[in-house]
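S.K.: Dropping the structure in here first, questions after.
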Amino acid sequence: MKDPDHNTTSSEQRLEATVEALVARVAAIEARLEMPQPDAVEEPKPPTPPAATVAAPSAGFQLPAVGISFLMLAGAFLLRAVTEAGTLPAAVGVVLGLGYVLVLFFLTDHAARRDQPMRANVYGSATILVAFPFVWETTTKLGLLPAPGAAAVTAVIIALGLWLALRRRLSYVAWFVLLAGVVTCAGLYWNTDASVYFLAVLVALGAATIWLAYQRGWQGPQWIVAMVANFLVFLTVMLAAHPAAPDLRRPEPDAAGALLLAIALPVIYLASFSWRTLVQRRDAGVFEIVQSLGAVMAGYVGAIHLLRVGDRSTAALGWATLIAAVAGYVAAFMLVRSRQGRGLNFFYHAWLGLLLTLIGSALVVSGQWLPFLWCSLGVAAAVTGGVFDRWTLRLHCSVYLIGAAVVTGMPDAIFDTFIARATPTFLERSVAGGVVWLVTVVCYGLLVAAQRGREVSRWRRVPRFLVATLALIGTGVLLVSSLAAWLTDVVPGPEAGIVAAVRTAVLAGSALFLAAMGRRELFRELSWFTSPLLVLTGLKVLLEDLRAGTPVSLFFGFACLGIALIVAPRLRQRTASADSGTGGQPATDATTPNSEGPDGHETP
């Protein structure tokens, strides 16, 4: 047997040997860390200057830059003085002025390239203070530059300034260039005989600011330029369509140039926004939505007005607009929805397609056939929206029907039937108005049938509610006009009191009927009319019946109102309890293969 003490001694010896080895390795590592590395070069530390010496470079760096900028301005004034005095020919003075501006831009770029952003911003500001007043003075006071040449020079200066600011990331210089460019173009627009040239520069500048915002995130300038461009384009169209008297001093733009710029404004902006949303797949923001509407209103509407004032055909513009509308629908439902989902870009392109369809079809189709076309589009939107379960298409159906109703005189019919002084001379019912009413009823039935057997949330009932509103207005106009015309011939008494009673009866009866229909889940949105109709009936009794009614008509009117106030809330009790169960949550419809959204359906 082995001795236990011998084993213990051997273990202790091995442990001591291991510890000594570890200690030796640690000592070796520490020694290597303390040794200087052969590749490392120790840089000498600069001596610490006194406090006065530290402050001097900052002040010395700023003051020479400001001083040089003043010398830049002095050189510009000297060049102007010798040109005005005739020492230099006018053409030579203009060329030297342009060369001087280019030299100043070079000095700005040189300062930015040497990583001196403050000096570059100072030089850039001085360059702008030289360049744009140079264009203004040589164009207005000295008369050395014609208006087209001044517009070209202004465009070149703006392009150089923006290119330099974009390349060297000089945001202050970009702001200064844009503001000075907008002010100069707007001033020369009003003070020269070639205003369209400077407006063209502004429209191009608007496109440049869009891409500055996309590339560098400079959001502010695009708003300023867009608002000025929209205003001046619309003003130019109005001035071209309605020339001023000879004694009035205001621009007289050419009609052809004004028309071209009016069309170019929405084309440039919409093309840029389409590239942003479709190619780059970035979300449309507030600026894209607001400026799309502003460019279309200022550009397309202005172009339409100019063409109609000149008795020129709008068919070509209308067909081009319809092509753009189809492109908007295709982009929304085939490109954006399949690649980017049901986000803001989808609704942006879909509603842009709707707006352009309304404008383009109004230009192509004559007024008497336009309601029928919009009714057809409404039926198509209702059918496709029901087949593919698209909330957007169902809402577009309601918009097309509203447009058709407005074109056929719905506002006048509402005023004459429910608001105007009670007389039996109601508006004659047109064939187009009757067709629109019938199509509206049919579309409501299609929308309801498409969602039959499903649990439909409040938001998804909004298109049906809008279509039902049109149908109810048409029904009310028909009932009031027919009953009033019949009763005024049958019932003796003042016609005003009879008409007032008829109106009250129709409103109160509509509230009861809709409350009863709204108790069913299929027609839940009809119950939304009950409370507004009761309030409207009460106000109508106080404002009209008490003023124009007789004792008999007042008895009838107050009786109708009282019955409606008693029965309608009881009919709505079941509807209100059912609504509290859904709570207006997002759509929870059953999933279908062709639906949109994470749950298989498109929601607003």
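How things are named: the first chain in the structure tokens is A, the next is B, and so on; residues count from 1 in each chain; ligands count from 1 in the order shown.
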Excluding stretch 259-268 of chain A and any residue of its chain fewer than 2 positions from it, enumerate the residues within 9 Å of it, using only C-alpha atoms, and give them as an MDAnalysis selection string.
M.R.: chainID A and resid 196 199:200 203:204 206:207 229:230 233:234 236:237 240 254:257 270:273 291:304 306:307 317
S.K.: Running DSSP on the backbone, which parts of stretch 273-419 of chain A land in helix (DSSP H, G or I), as a PyMOL selection string?
M.R.: chain A and resi 273-279+286-309+315-339+344-364+370-387+391-407+410-419
S.K.: From the set A:Phe134, A:Phe556, A:Phe198, A:Tyr269, which residue has the shortest atom-to-atom contact distance to A:Trp211, counting only C-alpha atoms?
M.R.: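 The shortest atom-to-atom distance to A:Trp211 comes from A:Tyr269.
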S.K.: Report as a ChimeraX atom specification all protein, DNA and RNA residues lying within 9 Å of stretch 347-360 of chain A, evaluated on only C-alpha atoms, omitting residues in the same chain fewer than 4 positions from it.
M.R.: /A:274,284,288-289,292-293,296,300-301,315,317-333,336,342-343,364-365,374,392-393,396,399-400,403,604
S.K.: Quick one: residues within 9 Å of A:Leu522, only C-alpha atoms counted, chain neighbours fewer than 3 positions away excluded, as a PyMOL selection string?
M.R.: chain A and resi 448-449+451-456+517-519+525
S.K.: What would the file look like if the residues just selected were written as a PDB file, in the first residue's frame with C-alpha atoms?
M.R.:
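Printed below is part14.pdb as written:
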ATOM      1  CA  VAL A 448     -75.569  46.540 -47.754  1.00  0.00           C
ATOM      2  CA  ALA A 449     -75.823  43.245 -49.644  1.00  0.00           C
ATOM      3  CA  GLN A 451     -71.625  43.129 -46.180  1.00  0.00           C
ATOM      4  CA  ARG A 452     -74.653  41.021 -45.307  1.00  0.00           C
ATOM      5  CA  GLY A 453     -73.999  38.401 -42.667  1.00  0.00           C
ATOM      6  CA  ARG A 454     -70.856  40.123 -41.342  1.00  0.00           C
ATOM      7  CA  GLU A 455     -70.091  42.110 -38.242  1.00  0.00           C
ATOM      8  CA  VAL A 456     -69.403  45.600 -39.594  1.00  0.00           C
ATOM      9  CA  MET A 517     -84.829  50.363 -39.387  1.00  0.00           C
ATOM     10  CA  GLY A 518     -81.684  50.975 -37.368  1.00  0.00           C
ATOM     11  CA  ARG A 519     -82.737  48.350 -34.818  1.00  0.00           C
ATOM     12  CA  GLU A 525     -76.063  53.129 -39.654  1.00  0.00           C
TER      13      GLU A 525
END
S.K.: Need to verify the contact set: A:Leu107, 9 Å, only C-alpha atoms, exclusion of same-chain residues closer than 6 positions in sequence. Can you return it as number ranges by chain?
M.R.: A: 120, 123-124
S.K.: Could you save the residues just selected, with N, CA, C and O atoms, as an mmCIF file, in the first residue's frame?
M.R.:
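This is the output file part00.cif:
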data_model
loop_
_atom_site.group_PDB
_atom_site.id
_atom_site.type_symbol
_atom_site.label_atom_id
_atom_site.label_comp_id
_atom_site.auth_asym_id
_atom_site.auth_seq_id
_atom_site.Cartn_x
_atom_site.Cartn_y
_atom_site.Cartn_z
ATOM 1 N N ALA A 120 -17.100 79.733 -44.574
ATOM 2 C CA ALA A 120 -17.838 79.459 -45.807
ATOM 3 C C ALA A 120 -19.240 80.077 -45.763
ATOM 4 O O ALA A 120 -19.725 80.622 -46.767
ATOM 5 N N TYR A 123 -18.788 83.873 -46.301
ATOM 6 C CA TYR A 123 -18.509 84.151 -47.706
ATOM 7 C C TYR A 123 -19.751 83.916 -48.580
ATOM 8 O O TYR A 123 -20.032 84.686 -49.510
ATOM 9 N N GLY A 124 -20.476 82.836 -48.285
ATOM 10 C CA GLY A 124 -21.677 82.562 -49.066
ATOM 11 C C GLY A 124 -22.721 83.643 -48.908
ATOM 12 O O GLY A 124 -23.381 84.046 -49.882
#
S.K.: For A:Asp283, list every protein, DNA or RNA residue within 9 Å, evaluated using only C-alpha atoms, and leave out those in the same chain fewer than 2 positions away; present the list as a PyMOL selection string.
M.R.: chain A and resi 276-277+281+285+343-345
S.K.: Taking C-alpha atoms for each residue, export the selection above as an mmCIF file, in the first residue's frame.
M.R.:
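Written output follows (part-v5.cif):
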data_model
loop_
_atom_site.group_PDB
_atom_site.id
_atom_site.type_symbol
_atom_site.label_atom_id
_atom_site.label_comp_id
_atom_site.auth_asym_id
_atom_site.auth_seq_id
_atom_site.Cartn_x
_atom_site.Cartn_y
_atom_site.Cartn_z
ATOM 1 C CA ARG A 276 -40.755 59.437 -53.890
ATOM 2 C CA THR A 277 -43.601 57.102 -52.957
ATOM 3 C CA ARG A 281 -41.003 53.715 -51.283
ATOM 4 C CA GLY A 285 -46.128 63.359 -45.679
ATOM 5 C CA GLY A 343 -50.358 52.590 -45.606
ATOM 6 C CA LEU A 344 -50.554 56.297 -46.261
ATOM 7 C CA ASN A 345 -49.135 55.943 -49.788
#
S.K.: Can you tell me how far atom CA of A:Leu438 sits from atom CA of A:Val407, in Å to one decimal?
M.R.: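 Separation of atom CA of A:Leu438 and atom CA of A:Val407: 15.5 Å.
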S.K.: In Å, how far is it from atom CA of A:Phe418 to atom CA of A:Phe555?
M.R.: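 Spanning atom CA of A:Phe418 to atom CA of A:Phe555 is a straight-line distance of 19.7 Å.
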S.K.: List as an NGL selection string the protein and nucleic acid residues near A:Arg547, meaning an atom at most 12 Å away when only C-alpha atoms are counted, but skip any in the same chain fewer than 4 places from it.
M.R.: :A and (421-422 or 496-497 or 500-501 or 540-543 or 551 or 553-554)
